[in-house]
$ cat target33.cif   # mmCIF, N, CA and C atoms
data_model
loop_
_atom_site.label_atom_id
_atom_site.label_comp_id
_atom_site.auth_asym_id
_atom_site.auth_seq_id
_atom_site.Cartn_x
_atom_site.Cartn_y
_atom_site.Cartn_z
N MET A 1 11.59 -22.05 8.02
CA MET A 1 10.21 -21.77 8.32
C MET A 1 9.55 -23.00 8.93
N ALA A 2 8.56 -22.75 9.76
CA ALA A 2 7.82 -23.83 10.42
C ALA A 2 6.36 -23.41 10.56
N ILE A 3 5.52 -24.39 10.73
CA ILE A 3 4.11 -24.09 10.97
C ILE A 3 3.95 -23.69 12.42
N GLY A 4 3.30 -22.53 12.64
CA GLY A 4 3.09 -22.01 13.98
C GLY A 4 1.69 -22.32 14.48
N GLU A 5 1.15 -21.39 15.28
CA GLU A 5 -0.15 -21.62 15.91
C GLU A 5 -1.29 -21.71 14.90
N ARG A 6 -2.27 -22.51 15.25
CA ARG A 6 -3.47 -22.62 14.41
C ARG A 6 -4.27 -21.34 14.56
N LEU A 7 -4.63 -20.71 13.45
CA LEU A 7 -5.37 -19.45 13.47
C LEU A 7 -6.88 -19.66 13.45
N TYR A 8 -7.36 -20.50 12.50
CA TYR A 8 -8.80 -20.72 12.39
C TYR A 8 -9.10 -21.96 11.55
N GLU A 9 -10.33 -22.41 11.69
CA GLU A 9 -10.88 -23.47 10.84
C GLU A 9 -12.11 -22.90 10.16
N GLU A 10 -12.41 -23.41 8.98
CA GLU A 10 -13.63 -22.98 8.30
C GLU A 10 -14.24 -24.14 7.54
N LYS A 11 -15.55 -24.13 7.47
CA LYS A 11 -16.31 -25.14 6.75
C LYS A 11 -17.42 -24.44 6.01
N GLY A 12 -17.70 -24.90 4.79
CA GLY A 12 -18.76 -24.28 4.04
C GLY A 12 -19.03 -24.97 2.72
N LYS A 13 -19.78 -24.26 1.90
CA LYS A 13 -20.25 -24.81 0.64
C LYS A 13 -19.70 -24.04 -0.56
N VAL A 14 -19.45 -24.79 -1.62
CA VAL A 14 -19.14 -24.18 -2.91
C VAL A 14 -20.46 -23.60 -3.41
N THR A 15 -20.49 -22.31 -3.71
CA THR A 15 -21.73 -21.64 -4.08
C THR A 15 -21.89 -21.44 -5.57
N MET A 16 -20.79 -21.48 -6.30
CA MET A 16 -20.86 -21.30 -7.74
C MET A 16 -19.60 -21.87 -8.38
N GLY A 17 -19.75 -22.42 -9.55
CA GLY A 17 -18.60 -22.87 -10.29
C GLY A 17 -18.97 -23.02 -11.75
N PHE A 18 -18.08 -22.62 -12.60
CA PHE A 18 -18.31 -22.86 -14.02
C PHE A 18 -16.99 -22.99 -14.74
N ILE A 19 -17.06 -23.70 -15.84
CA ILE A 19 -15.88 -23.95 -16.66
C ILE A 19 -15.70 -22.78 -17.61
N LYS A 20 -14.53 -22.17 -17.55
CA LYS A 20 -14.25 -21.01 -18.40
C LYS A 20 -13.68 -21.43 -19.74
N GLU A 21 -12.73 -22.37 -19.71
CA GLU A 21 -12.04 -22.73 -20.96
C GLU A 21 -11.43 -24.11 -20.83
N ILE A 22 -11.37 -24.82 -21.93
CA ILE A 22 -10.67 -26.11 -22.01
C ILE A 22 -9.67 -26.01 -23.16
N ASP A 23 -8.42 -26.38 -22.87
CA ASP A 23 -7.42 -26.42 -23.94
C ASP A 23 -6.47 -27.58 -23.67
N ALA A 24 -5.37 -27.65 -24.38
CA ALA A 24 -4.43 -28.76 -24.26
C ALA A 24 -3.79 -28.85 -22.88
N ASN A 25 -3.77 -27.73 -22.14
CA ASN A 25 -3.18 -27.72 -20.80
C ASN A 25 -4.13 -28.19 -19.72
N GLY A 26 -5.42 -28.21 -20.01
CA GLY A 26 -6.39 -28.64 -19.01
C GLY A 26 -7.65 -27.80 -19.04
N LEU A 27 -8.26 -27.69 -17.88
CA LEU A 27 -9.55 -27.06 -17.72
C LEU A 27 -9.42 -25.86 -16.78
N GLU A 28 -9.88 -24.70 -17.20
CA GLU A 28 -9.87 -23.52 -16.33
C GLU A 28 -11.28 -23.33 -15.78
N MET A 29 -11.39 -23.26 -14.44
CA MET A 29 -12.67 -23.09 -13.75
C MET A 29 -12.65 -21.83 -12.90
N LEU A 30 -13.81 -21.24 -12.75
CA LEU A 30 -14.03 -20.16 -11.79
C LEU A 30 -14.96 -20.73 -10.73
N GLN A 31 -14.66 -20.42 -9.45
CA GLN A 31 -15.43 -21.01 -8.37
C GLN A 31 -15.54 -20.03 -7.21
N SER A 32 -16.64 -20.13 -6.47
CA SER A 32 -16.84 -19.33 -5.27
C SER A 32 -17.26 -20.24 -4.13
N PHE A 33 -16.96 -19.81 -2.90
CA PHE A 33 -17.44 -20.54 -1.73
C PHE A 33 -17.70 -19.59 -0.58
N ASN A 34 -18.58 -20.00 0.32
CA ASN A 34 -18.88 -19.28 1.57
C ASN A 34 -18.64 -20.24 2.72
N THR A 35 -17.97 -19.74 3.78
CA THR A 35 -17.68 -20.60 4.93
C THR A 35 -17.94 -19.86 6.23
N GLU A 36 -18.14 -20.65 7.28
CA GLU A 36 -18.18 -20.16 8.64
C GLU A 36 -16.78 -20.32 9.21
N VAL A 37 -16.24 -19.25 9.78
CA VAL A 37 -14.88 -19.24 10.33
C VAL A 37 -14.95 -19.39 11.84
N LYS A 38 -14.21 -20.37 12.37
CA LYS A 38 -14.09 -20.55 13.82
C LYS A 38 -12.67 -20.17 14.21
N GLY A 39 -12.52 -18.99 14.83
CA GLY A 39 -11.20 -18.50 15.19
C GLY A 39 -10.68 -19.10 16.48
N PHE A 40 -9.35 -19.12 16.61
CA PHE A 40 -8.68 -19.60 17.81
C PHE A 40 -7.82 -18.48 18.38
N ASP A 41 -7.74 -18.42 19.70
CA ASP A 41 -6.92 -17.44 20.40
C ASP A 41 -7.19 -16.01 19.92
N ARG A 42 -6.23 -15.37 19.27
CA ARG A 42 -6.40 -13.96 18.89
C ARG A 42 -7.17 -13.75 17.59
N MET A 43 -7.48 -14.83 16.86
CA MET A 43 -8.23 -14.72 15.60
C MET A 43 -9.72 -14.87 15.90
N PRO A 44 -10.54 -13.86 15.54
CA PRO A 44 -11.98 -13.95 15.82
C PRO A 44 -12.71 -14.85 14.82
N SER A 45 -13.88 -15.28 15.21
CA SER A 45 -14.76 -16.04 14.33
C SER A 45 -15.49 -15.08 13.40
N GLY A 46 -16.14 -15.62 12.36
CA GLY A 46 -16.88 -14.80 11.42
C GLY A 46 -17.34 -15.61 10.22
N THR A 47 -17.52 -14.93 9.10
CA THR A 47 -17.90 -15.58 7.85
C THR A 47 -16.93 -15.16 6.75
N ASN A 48 -16.72 -16.06 5.81
CA ASN A 48 -15.79 -15.83 4.71
C ASN A 48 -16.53 -15.98 3.39
N MET A 49 -16.28 -15.06 2.47
CA MET A 49 -16.80 -15.14 1.12
C MET A 49 -15.59 -15.07 0.19
N ALA A 50 -15.48 -16.05 -0.73
CA ALA A 50 -14.27 -16.12 -1.55
C ALA A 50 -14.59 -16.57 -2.98
N SER A 51 -13.69 -16.23 -3.89
CA SER A 51 -13.78 -16.71 -5.26
C SER A 51 -12.37 -16.89 -5.81
N GLY A 52 -12.28 -17.72 -6.84
CA GLY A 52 -10.97 -17.97 -7.39
C GLY A 52 -11.00 -18.60 -8.75
N LYS A 53 -9.80 -18.70 -9.32
CA LYS A 53 -9.60 -19.30 -10.64
C LYS A 53 -8.70 -20.50 -10.44
N ILE A 54 -9.11 -21.65 -11.00
CA ILE A 54 -8.38 -22.89 -10.85
C ILE A 54 -8.02 -23.43 -12.23
N MET A 55 -6.80 -23.87 -12.39
CA MET A 55 -6.38 -24.56 -13.61
C MET A 55 -6.20 -26.02 -13.24
N LEU A 56 -7.08 -26.87 -13.76
CA LEU A 56 -7.07 -28.30 -13.48
C LEU A 56 -6.44 -29.03 -14.66
N MET A 57 -5.34 -29.73 -14.38
CA MET A 57 -4.62 -30.45 -15.43
C MET A 57 -5.18 -31.87 -15.57
N PRO A 58 -4.97 -32.51 -16.71
CA PRO A 58 -5.54 -33.84 -16.94
C PRO A 58 -5.15 -34.90 -15.91
N ASN A 59 -4.02 -34.73 -15.22
CA ASN A 59 -3.59 -35.72 -14.22
C ASN A 59 -4.23 -35.51 -12.85
N GLY A 60 -5.13 -34.52 -12.71
CA GLY A 60 -5.80 -34.27 -11.44
C GLY A 60 -5.13 -33.21 -10.59
N MET A 61 -3.92 -32.79 -10.96
CA MET A 61 -3.25 -31.72 -10.22
C MET A 61 -3.85 -30.38 -10.63
N ALA A 62 -3.88 -29.44 -9.70
CA ALA A 62 -4.46 -28.13 -10.00
C ALA A 62 -3.69 -27.04 -9.27
N HIS A 63 -3.75 -25.84 -9.81
CA HIS A 63 -3.24 -24.67 -9.10
C HIS A 63 -4.30 -23.58 -9.21
N GLY A 64 -4.38 -22.77 -8.16
CA GLY A 64 -5.41 -21.75 -8.15
C GLY A 64 -4.98 -20.48 -7.47
N LYS A 65 -5.69 -19.41 -7.79
CA LYS A 65 -5.52 -18.11 -7.16
C LYS A 65 -6.88 -17.73 -6.57
N TRP A 66 -6.87 -17.34 -5.31
CA TRP A 66 -8.11 -17.06 -4.58
C TRP A 66 -8.06 -15.69 -3.92
N HIS A 67 -9.23 -15.08 -3.75
CA HIS A 67 -9.38 -13.82 -3.03
C HIS A 67 -10.62 -13.93 -2.17
N GLY A 68 -10.60 -13.29 -1.03
CA GLY A 68 -11.77 -13.37 -0.18
C GLY A 68 -11.83 -12.27 0.85
N MET A 69 -12.93 -12.31 1.61
CA MET A 69 -13.17 -11.31 2.65
C MET A 69 -13.81 -12.02 3.84
N ILE A 70 -13.19 -11.87 4.99
CA ILE A 70 -13.74 -12.39 6.24
C ILE A 70 -14.35 -11.21 7.00
N MET A 71 -15.62 -11.35 7.36
CA MET A 71 -16.28 -10.39 8.25
C MET A 71 -16.35 -11.05 9.62
N THR A 72 -15.71 -10.43 10.62
CA THR A 72 -15.67 -11.03 11.94
C THR A 72 -16.98 -10.77 12.68
N VAL A 73 -17.17 -11.51 13.76
CA VAL A 73 -18.38 -11.32 14.57
C VAL A 73 -18.42 -9.93 15.19
N ASP A 74 -17.27 -9.27 15.30
CA ASP A 74 -17.19 -7.91 15.85
C ASP A 74 -17.34 -6.83 14.78
N GLY A 75 -17.52 -7.25 13.51
CA GLY A 75 -17.71 -6.29 12.43
C GLY A 75 -16.44 -5.81 11.75
N ASP A 76 -15.30 -6.43 12.06
CA ASP A 76 -14.05 -6.08 11.38
C ASP A 76 -13.95 -6.84 10.06
N MET A 77 -13.28 -6.24 9.07
CA MET A 77 -13.11 -6.86 7.77
C MET A 77 -11.65 -7.23 7.56
N ILE A 78 -11.44 -8.46 7.07
CA ILE A 78 -10.12 -8.96 6.73
C ILE A 78 -10.18 -9.38 5.27
N VAL A 79 -9.33 -8.79 4.43
CA VAL A 79 -9.24 -9.16 3.02
C VAL A 79 -8.04 -10.09 2.89
N TRP A 80 -8.19 -11.14 2.10
CA TRP A 80 -7.09 -12.09 1.95
C TRP A 80 -6.90 -12.49 0.49
N ALA A 81 -5.69 -12.96 0.18
CA ALA A 81 -5.35 -13.47 -1.14
C ALA A 81 -4.52 -14.72 -0.95
N GLY A 82 -4.77 -15.74 -1.78
CA GLY A 82 -4.04 -16.99 -1.64
C GLY A 82 -3.70 -17.62 -2.97
N ASN A 83 -2.63 -18.38 -2.96
CA ASN A 83 -2.19 -19.20 -4.09
C ASN A 83 -2.03 -20.61 -3.58
N GLY A 84 -2.57 -21.58 -4.34
CA GLY A 84 -2.53 -22.94 -3.84
C GLY A 84 -2.32 -23.99 -4.90
N ARG A 85 -2.10 -25.18 -4.42
CA ARG A 85 -1.97 -26.38 -5.23
C ARG A 85 -2.87 -27.44 -4.62
N SER A 86 -3.46 -28.27 -5.49
CA SER A 86 -4.33 -29.33 -4.99
C SER A 86 -4.29 -30.54 -5.91
N LYS A 87 -4.82 -31.63 -5.40
CA LYS A 87 -4.92 -32.88 -6.15
C LYS A 87 -6.36 -33.34 -6.06
N ARG A 88 -6.97 -33.59 -7.21
CA ARG A 88 -8.34 -34.10 -7.27
C ARG A 88 -8.31 -35.58 -7.62
N SER A 89 -9.17 -36.34 -6.91
CA SER A 89 -9.29 -37.77 -7.15
C SER A 89 -10.75 -38.15 -6.89
N PRO A 90 -11.12 -39.39 -7.18
CA PRO A 90 -12.50 -39.81 -6.91
C PRO A 90 -12.91 -39.66 -5.44
N SER A 91 -11.94 -39.69 -4.52
CA SER A 91 -12.26 -39.56 -3.10
C SER A 91 -12.37 -38.11 -2.64
N GLY A 92 -12.05 -37.14 -3.50
CA GLY A 92 -12.19 -35.74 -3.12
C GLY A 92 -11.01 -34.88 -3.55
N ILE A 93 -10.93 -33.72 -2.90
CA ILE A 93 -9.91 -32.72 -3.21
C ILE A 93 -9.08 -32.49 -1.96
N ASN A 94 -7.76 -32.52 -2.10
CA ASN A 94 -6.84 -32.20 -1.01
C ASN A 94 -5.82 -31.20 -1.52
N GLY A 95 -5.54 -30.17 -0.71
CA GLY A 95 -4.60 -29.17 -1.18
C GLY A 95 -4.00 -28.33 -0.08
N VAL A 96 -3.16 -27.41 -0.51
CA VAL A 96 -2.49 -26.49 0.39
C VAL A 96 -2.48 -25.11 -0.27
N MET A 97 -2.58 -24.06 0.54
CA MET A 97 -2.58 -22.71 0.00
C MET A 97 -1.82 -21.79 0.96
N LEU A 98 -1.04 -20.86 0.40
CA LEU A 98 -0.41 -19.80 1.17
C LEU A 98 -1.28 -18.57 1.07
N ILE A 99 -1.53 -17.90 2.21
CA ILE A 99 -2.48 -16.79 2.27
C ILE A 99 -1.81 -15.57 2.91
N THR A 100 -2.05 -14.39 2.32
CA THR A 100 -1.67 -13.13 2.96
C THR A 100 -2.94 -12.35 3.30
N TYR A 101 -2.84 -11.47 4.29
CA TYR A 101 -4.00 -10.76 4.82
C TYR A 101 -3.78 -9.26 4.81
N MET A 102 -4.90 -8.53 4.72
CA MET A 102 -4.88 -7.07 4.85
C MET A 102 -6.09 -6.66 5.67
N THR A 103 -5.88 -5.78 6.64
CA THR A 103 -6.99 -5.26 7.42
C THR A 103 -6.65 -3.86 7.92
N MET A 104 -7.69 -3.05 8.10
CA MET A 104 -7.53 -1.72 8.69
C MET A 104 -7.86 -1.74 10.18
N SER A 105 -8.31 -2.88 10.69
CA SER A 105 -8.67 -3.01 12.09
C SER A 105 -7.45 -2.88 12.99
N GLU A 106 -7.53 -2.01 13.96
CA GLU A 106 -6.41 -1.82 14.90
C GLU A 106 -6.13 -3.10 15.69
N LYS A 107 -7.20 -3.76 16.16
CA LYS A 107 -6.99 -4.96 16.98
C LYS A 107 -6.51 -6.16 16.17
N LEU A 108 -6.70 -6.13 14.84
CA LEU A 108 -6.28 -7.25 14.00
C LEU A 108 -5.10 -6.91 13.10
N LYS A 109 -4.46 -5.75 13.31
CA LYS A 109 -3.38 -5.32 12.41
C LYS A 109 -2.20 -6.30 12.40
N TRP A 110 -2.07 -7.13 13.41
CA TRP A 110 -1.03 -8.15 13.43
C TRP A 110 -1.14 -9.10 12.22
N LEU A 111 -2.38 -9.26 11.67
CA LEU A 111 -2.59 -10.12 10.51
C LEU A 111 -1.88 -9.60 9.25
N ASN A 112 -1.64 -8.29 9.19
CA ASN A 112 -0.98 -7.71 8.02
C ASN A 112 0.44 -8.25 7.82
N ASP A 113 1.01 -8.86 8.87
CA ASP A 113 2.36 -9.41 8.81
C ASP A 113 2.37 -10.94 8.81
N VAL A 114 1.21 -11.56 8.64
CA VAL A 114 1.09 -13.01 8.72
C VAL A 114 1.01 -13.64 7.34
N ILE A 115 1.67 -14.77 7.19
CA ILE A 115 1.43 -15.68 6.07
C ILE A 115 0.74 -16.89 6.66
N GLY A 116 -0.45 -17.19 6.14
CA GLY A 116 -1.17 -18.37 6.59
C GLY A 116 -0.90 -19.53 5.66
N ILE A 117 -0.89 -20.73 6.23
CA ILE A 117 -0.77 -21.95 5.41
C ILE A 117 -2.03 -22.76 5.67
N ALA A 118 -2.78 -23.01 4.60
CA ALA A 118 -4.08 -23.66 4.71
C ALA A 118 -4.01 -25.10 4.23
N ASP A 119 -4.59 -26.00 5.02
CA ASP A 119 -4.77 -27.39 4.66
C ASP A 119 -6.23 -27.52 4.21
N ILE A 120 -6.45 -27.90 2.97
CA ILE A 120 -7.78 -27.85 2.36
C ILE A 120 -8.22 -29.26 1.98
N SER A 121 -9.49 -29.59 2.30
CA SER A 121 -10.07 -30.85 1.84
C SER A 121 -11.53 -30.61 1.50
N GLY A 122 -12.08 -31.47 0.67
CA GLY A 122 -13.47 -31.31 0.31
C GLY A 122 -13.81 -32.06 -0.96
N ASP A 123 -14.87 -31.59 -1.60
CA ASP A 123 -15.29 -32.15 -2.88
C ASP A 123 -15.85 -31.00 -3.71
N MET A 124 -16.59 -31.29 -4.74
CA MET A 124 -17.09 -30.23 -5.63
C MET A 124 -18.21 -29.39 -4.99
N MET A 125 -18.71 -29.81 -3.83
CA MET A 125 -19.84 -29.11 -3.22
C MET A 125 -19.53 -28.50 -1.85
N GLN A 126 -18.50 -28.97 -1.17
CA GLN A 126 -18.18 -28.45 0.16
C GLN A 126 -16.68 -28.41 0.38
N VAL A 127 -16.29 -27.60 1.38
CA VAL A 127 -14.86 -27.41 1.64
C VAL A 127 -14.63 -27.31 3.16
N SER A 128 -13.51 -27.86 3.62
CA SER A 128 -13.04 -27.73 5.00
C SER A 128 -11.60 -27.25 4.94
N ILE A 129 -11.31 -26.22 5.75
CA ILE A 129 -9.98 -25.59 5.69
C ILE A 129 -9.48 -25.36 7.10
N THR A 130 -8.24 -25.69 7.37
CA THR A 130 -7.57 -25.35 8.62
C THR A 130 -6.38 -24.47 8.28
N VAL A 131 -6.30 -23.29 8.91
CA VAL A 131 -5.24 -22.33 8.60
C VAL A 131 -4.36 -22.14 9.84
N SER A 132 -3.06 -22.28 9.63
CA SER A 132 -2.07 -22.02 10.68
C SER A 132 -1.14 -20.92 10.21
N GLU A 133 -0.46 -20.29 11.17
CA GLU A 133 0.51 -19.27 10.81
C GLU A 133 1.79 -19.94 10.35
N TRP A 134 2.36 -19.43 9.25
CA TRP A 134 3.63 -19.93 8.77
C TRP A 134 4.71 -19.04 9.36
N LYS A 135 5.54 -19.58 10.20
CA LYS A 135 6.57 -18.82 10.91
C LYS A 135 7.88 -18.83 10.16
#

$ encode --input "target33.cif" --output "structure tokens"
Amino acid sequence: MAIGERLYEEKGKVTMGFIKEIDANGLEMLQSFNTEVKGFDRMPSGTNMASGKIMLMPNGMAHGKWHGMIMTVDGDMIVWAGNGRSKRSPSGINGVMLITYMTMSEKLKWLNDVIGIADISGDMMQVSITVSEWK
């Protein structure tokens, strides 16, 4: 497998977050974010609304499960699901996530066969993501 063409970039704000549970394994958080999506080539631009569950371990490593919905500028809907890993430090958050997509849009049905690989950076208040196709 190799990283293929860049699909889109997104930037936005963390809109909600709260701590669900703390135990010997770490801290479980629920979080939501909204981003503006800038599409490249065949991927349209739009807005993304997402939420997820993160398990943050005492060493700063984390794993999370995310779900979201992209509404394109043309009114098409793309539903996505992702699993990721990240590292938190005083300088911010850096991570990677694998994403699958579902859409009923005829012009975007190619996304139903795509695995996206996301490079994620940010902090507790904002997020920047670049997604490429994993070939």

$ residues_around --input "target33.cif" --residues "Ala81 in chain A" --least-positions-apart "4" --cutoff "6 Å" --atoms "all atoms listed in the file" --output "CSV table (one decimal) with N, CA and C atoms, in the coordinates of the input"
chain,number,residue,atom,x,y,z
A,66,TRP,N,-6.9,-17.3,-5.3
A,66,TRP,CA,-8.1,-17.1,-4.6
A,66,TRP,C,-8.1,-15.7,-3.9
A,67,HIS,N,-9.2,-15.1,-3.8
A,67,HIS,CA,-9.4,-13.8,-3.0
A,67,HIS,C,-10.6,-13.9,-2.2
A,68,GLY,N,-10.6,-13.3,-1.0
A,68,GLY,CA,-11.8,-13.4,-0.2
A,68,GLY,C,-11.8,-12.3,0.8
A,98,LEU,N,-1.0,-20.9,0.4
A,98,LEU,CA,-0.4,-19.8,1.2
A,98,LEU,C,-1.3,-18.6,1.1
A,99,ILE,N,-1.5,-17.9,2.2
A,99,ILE,CA,-2.5,-16.8,2.3
A,99,ILE,C,-1.8,-15.6,2.9
A,100,THR,N,-2.0,-14.4,2.3
A,100,THR,CA,-1.7,-13.1,3.0
A,100,THR,C,-2.9,-12.4,3.3
A,101,TYR,N,-2.8,-11.5,4.3
A,101,TYR,CA,-4.0,-10.8,4.8
A,101,TYR,C,-3.8,-9.3,4.8

$ atom_distance --input "target33.cif" --atom1 "CA of Met104 in chain A" --atom2 "atom C of Gly75 in chain A"
10.3 Å

$ residues_near_point --input "target33.cif" --point "(-7.2, -35.4, -15.1)" --cutoff "12 Å" --atoms "only C-alpha atoms" --output "list in words"
Ala24, Asn25, Gly26, Leu27, Met55, Leu56, Met57, Pro58, Asn59, Gly60, Met61, Ala62, Lys87, Arg88, Ser89 and Pro90 of chain A

$ atom_distance --input "target33.cif" --atom1 "atom N of Asn112 in chain A" --atom2 "atom C of Val79 in chain A"
9.2 Å

$ select_by_dssp --input "target33.cif" --residues "range 90-126 of chain A" --states "strand (DSSP E)" --output "JSON, numbers by chain"
{"A": [92, 93, 94, 95, 96, 97, 98, 99, 100, 101, 102, 115, 116, 117, 118, 119, 120, 121, 122, 126]}

$ write_last_selection --input "target33.cif" --atoms "N, CA and C atoms" --output "PDB file, in the coordinates of the input"
ATOM      1  N   GLY A  92     -12.050 -37.140  -3.500  1.00  0.00           N
ATOM      2  CA  GLY A  92     -12.190 -35.740  -3.120  1.00  0.00           C
ATOM      3  C   GLY A  92     -11.010 -34.880  -3.550  1.00  0.00           C
ATOM      4  N   ILE A  93     -10.930 -33.720  -2.900  1.00  0.00           N
ATOM      5  CA  ILE A  93      -9.910 -32.720  -3.210  1.00  0.00           C
ATOM      6  C   ILE A  93      -9.080 -32.490  -1.960  1.00  0.00           C
ATOM      7  N   ASN A  94      -7.760 -32.520  -2.100  1.00  0.00           N
ATOM      8  CA  ASN A  94      -6.840 -32.200  -1.010  1.00  0.00           C
ATOM      9  C   ASN A  94      -5.820 -31.200  -1.520  1.00  0.00           C
ATOM     10  N   GLY A  95      -5.540 -30.170  -0.710  1.00  0.00           N
ATOM     11  CA  GLY A  95      -4.600 -29.170  -1.180  1.00  0.00           C
ATOM     12  C   GLY A  95      -4.000 -28.330  -0.080  1.00  0.00           C
ATOM     13  N   VAL A  96      -3.160 -27.410  -0.510  1.00  0.00           N
ATOM     14  CA  VAL A  96      -2.490 -26.490   0.390  1.00  0.00           C
ATOM     15  C   VAL A  96      -2.480 -25.110  -0.270  1.00  0.00           C
ATOM     16  N   MET A  97      -2.580 -24.060   0.540  1.00  0.00           N
ATOM     17  CA  MET A  97      -2.580 -22.710   0.000  1.00  0.00           C
ATOM     18  C   MET A  97      -1.820 -21.790   0.960  1.00  0.00           C
ATOM     19  N   LEU A  98      -1.040 -20.860   0.400  1.00  0.00           N
ATOM     20  CA  LEU A  98      -0.410 -19.800   1.170  1.00  0.00           C
ATOM     21  C   LEU A  98      -1.280 -18.570   1.070  1.00  0.00           C
ATOM     22  N   ILE A  99      -1.530 -17.900   2.210  1.00  0.00           N
ATOM     23  CA  ILE A  99      -2.480 -16.790   2.270  1.00  0.00           C
ATOM     24  C   ILE A  99      -1.810 -15.570   2.910  1.00  0.00           C
ATOM     25  N   THR A 100      -2.050 -14.390   2.320  1.00  0.00           N
ATOM     26  CA  THR A 100      -1.670 -13.130   2.960  1.00  0.00           C
ATOM     27  C   THR A 100      -2.940 -12.350   3.300  1.00  0.00           C
ATOM     28  N   TYR A 101      -2.840 -11.470   4.290  1.00  0.00           N
ATOM     29  CA  TYR A 101      -4.000 -10.760   4.820  1.00  0.00           C
ATOM     30  C   TYR A 101      -3.780  -9.260   4.810  1.00  0.00           C
ATOM     31  N   MET A 102      -4.900  -8.530   4.720  1.00  0.00           N
ATOM     32  CA  MET A 102      -4.880  -7.070   4.850  1.00  0.00           C
ATOM     33  C   MET A 102      -6.090  -6.660   5.670  1.00  0.00           C
ATOM     34  N   ILE A 115       1.670 -14.770   7.190  1.00  0.00           N
ATOM     35  CA  ILE A 115       1.430 -15.680   6.070  1.00  0.00           C
ATOM     36  C   ILE A 115       0.740 -16.890   6.660  1.00  0.00           C
ATOM     37  N   GLY A 116      -0.450 -17.190   6.140  1.00  0.00           N
ATOM     38  CA  GLY A 116      -1.170 -18.370   6.590  1.00  0.00           C
ATOM     39  C   GLY A 116      -0.900 -19.530   5.660  1.00  0.00           C
ATOM     40  N   ILE A 117      -0.890 -20.730   6.230  1.00  0.00           N
ATOM     41  CA  ILE A 117      -0.770 -21.950   5.410  1.00  0.00           C
ATOM     42  C   ILE A 117      -2.030 -22.760   5.670  1.00  0.00           C
ATOM     43  N   ALA A 118      -2.780 -23.010   4.600  1.00  0.00           N
ATOM     44  CA  ALA A 118      -4.080 -23.660   4.710  1.00  0.00           C
ATOM     45  C   ALA A 118      -4.010 -25.100   4.230  1.00  0.00           C
ATOM     46  N   ASP A 119      -4.590 -26.000   5.020  1.00  0.00           N
ATOM     47  CA  ASP A 119      -4.770 -27.390   4.660  1.00  0.00           C
ATOM     48  C   ASP A 119      -6.230 -27.520   4.210  1.00  0.00           C
ATOM     49  N   ILE A 120      -6.450 -27.900   2.970  1.00  0.00           N
ATOM     50  CA  ILE A 120      -7.780 -27.850   2.360  1.00  0.00           C
ATOM     51  C   ILE A 120      -8.220 -29.260   1.980  1.00  0.00           C
ATOM     52  N   SER A 121      -9.490 -29.590   2.300  1.00  0.00           N
ATOM     53  CA  SER A 121     -10.070 -30.850   1.840  1.00  0.00           C
ATOM     54  C   SER A 121     -11.530 -30.610   1.500  1.00  0.00           C
ATOM     55  N   GLY A 122     -12.080 -31.470   0.670  1.00  0.00           N
ATOM     56  CA  GLY A 122     -13.470 -31.310   0.310  1.00  0.00           C
ATOM     57  C   GLY A 122     -13.810 -32.060  -0.960  1.00  0.00           C
ATOM     58  N   GLN A 126     -18.500 -28.970  -1.170  1.00  0.00           N
ATOM     59  CA  GLN A 126     -18.180 -28.450   0.160  1.00  0.00           C
ATOM     60  C   GLN A 126     -16.680 -28.410   0.380  1.00  0.00           C
TER      61      GLN A 126
END

$ closest_residue --input "target33.cif" --among "A:Leu108, A:Met16, A:Ala2, A:Met29" --to "Asp76 in chain A" --atoms "only C-alpha atoms"
A:Leu108

$ residues_around --input "target33.cif" --residues "Met69 in chain A" --least-positions-apart "2" --cutoff "6 Å" --atoms "only C-alpha atoms" --output "mmCIF file with N, CA and C atoms, in the coordinates of the input"
data_model
loop_
_atom_site.group_PDB
_atom_site.id
_atom_site.type_symbol
_atom_site.label_atom_id
_atom_site.label_comp_id
_atom_site.auth_asym_id
_atom_site.auth_seq_id
_atom_site.Cartn_x
_atom_site.Cartn_y
_atom_site.Cartn_z
ATOM 1 N N ASN A 48 -16.720 -16.060 5.810
ATOM 2 C CA ASN A 48 -15.790 -15.830 4.710
ATOM 3 C C ASN A 48 -16.530 -15.980 3.390
ATOM 4 N N MET A 49 -16.280 -15.060 2.470
ATOM 5 C CA MET A 49 -16.800 -15.140 1.120
ATOM 6 C C MET A 49 -15.590 -15.070 0.190
ATOM 7 N N ILE A 78 -11.440 -8.460 7.070
ATOM 8 C CA ILE A 78 -10.120 -8.960 6.730
ATOM 9 C C ILE A 78 -10.180 -9.380 5.270
ATOM 10 N N VAL A 79 -9.330 -8.790 4.430
ATOM 11 C CA VAL A 79 -9.240 -9.160 3.020
ATOM 12 C C VAL A 79 -8.040 -10.090 2.890
#

$ decode --input "target33.cif" --residues "range 43-48 of chain A" --atoms "N, CA and C atoms" --output "compact mmCIF listing (two decimals), in the first residue's frame"
# COMPACT_ATOMS: atom_id res chain seq x y z
N MET A 43 -12.73 15.57 -5.40
CA MET A 43 -13.39 15.70 -4.09
C MET A 43 -13.90 17.14 -3.93
N PRO A 44 -15.21 17.31 -3.72
CA PRO A 44 -15.75 18.67 -3.57
C PRO A 44 -15.48 19.26 -2.18
N SER A 45 -15.58 20.56 -2.10
CA SER A 45 -15.47 21.26 -0.82
C SER A 45 -16.80 21.18 -0.09
N GLY A 46 -16.80 21.54 1.20
CA GLY A 46 -18.02 21.52 1.99
C GLY A 46 -17.74 21.76 3.45
N THR A 47 -18.60 21.24 4.31
CA THR A 47 -18.42 21.35 5.76
C THR A 47 -18.53 19.96 6.38
N ASN A 48 -17.81 19.77 7.47
CA ASN A 48 -17.78 18.49 8.15
C ASN A 48 -18.21 18.68 9.60
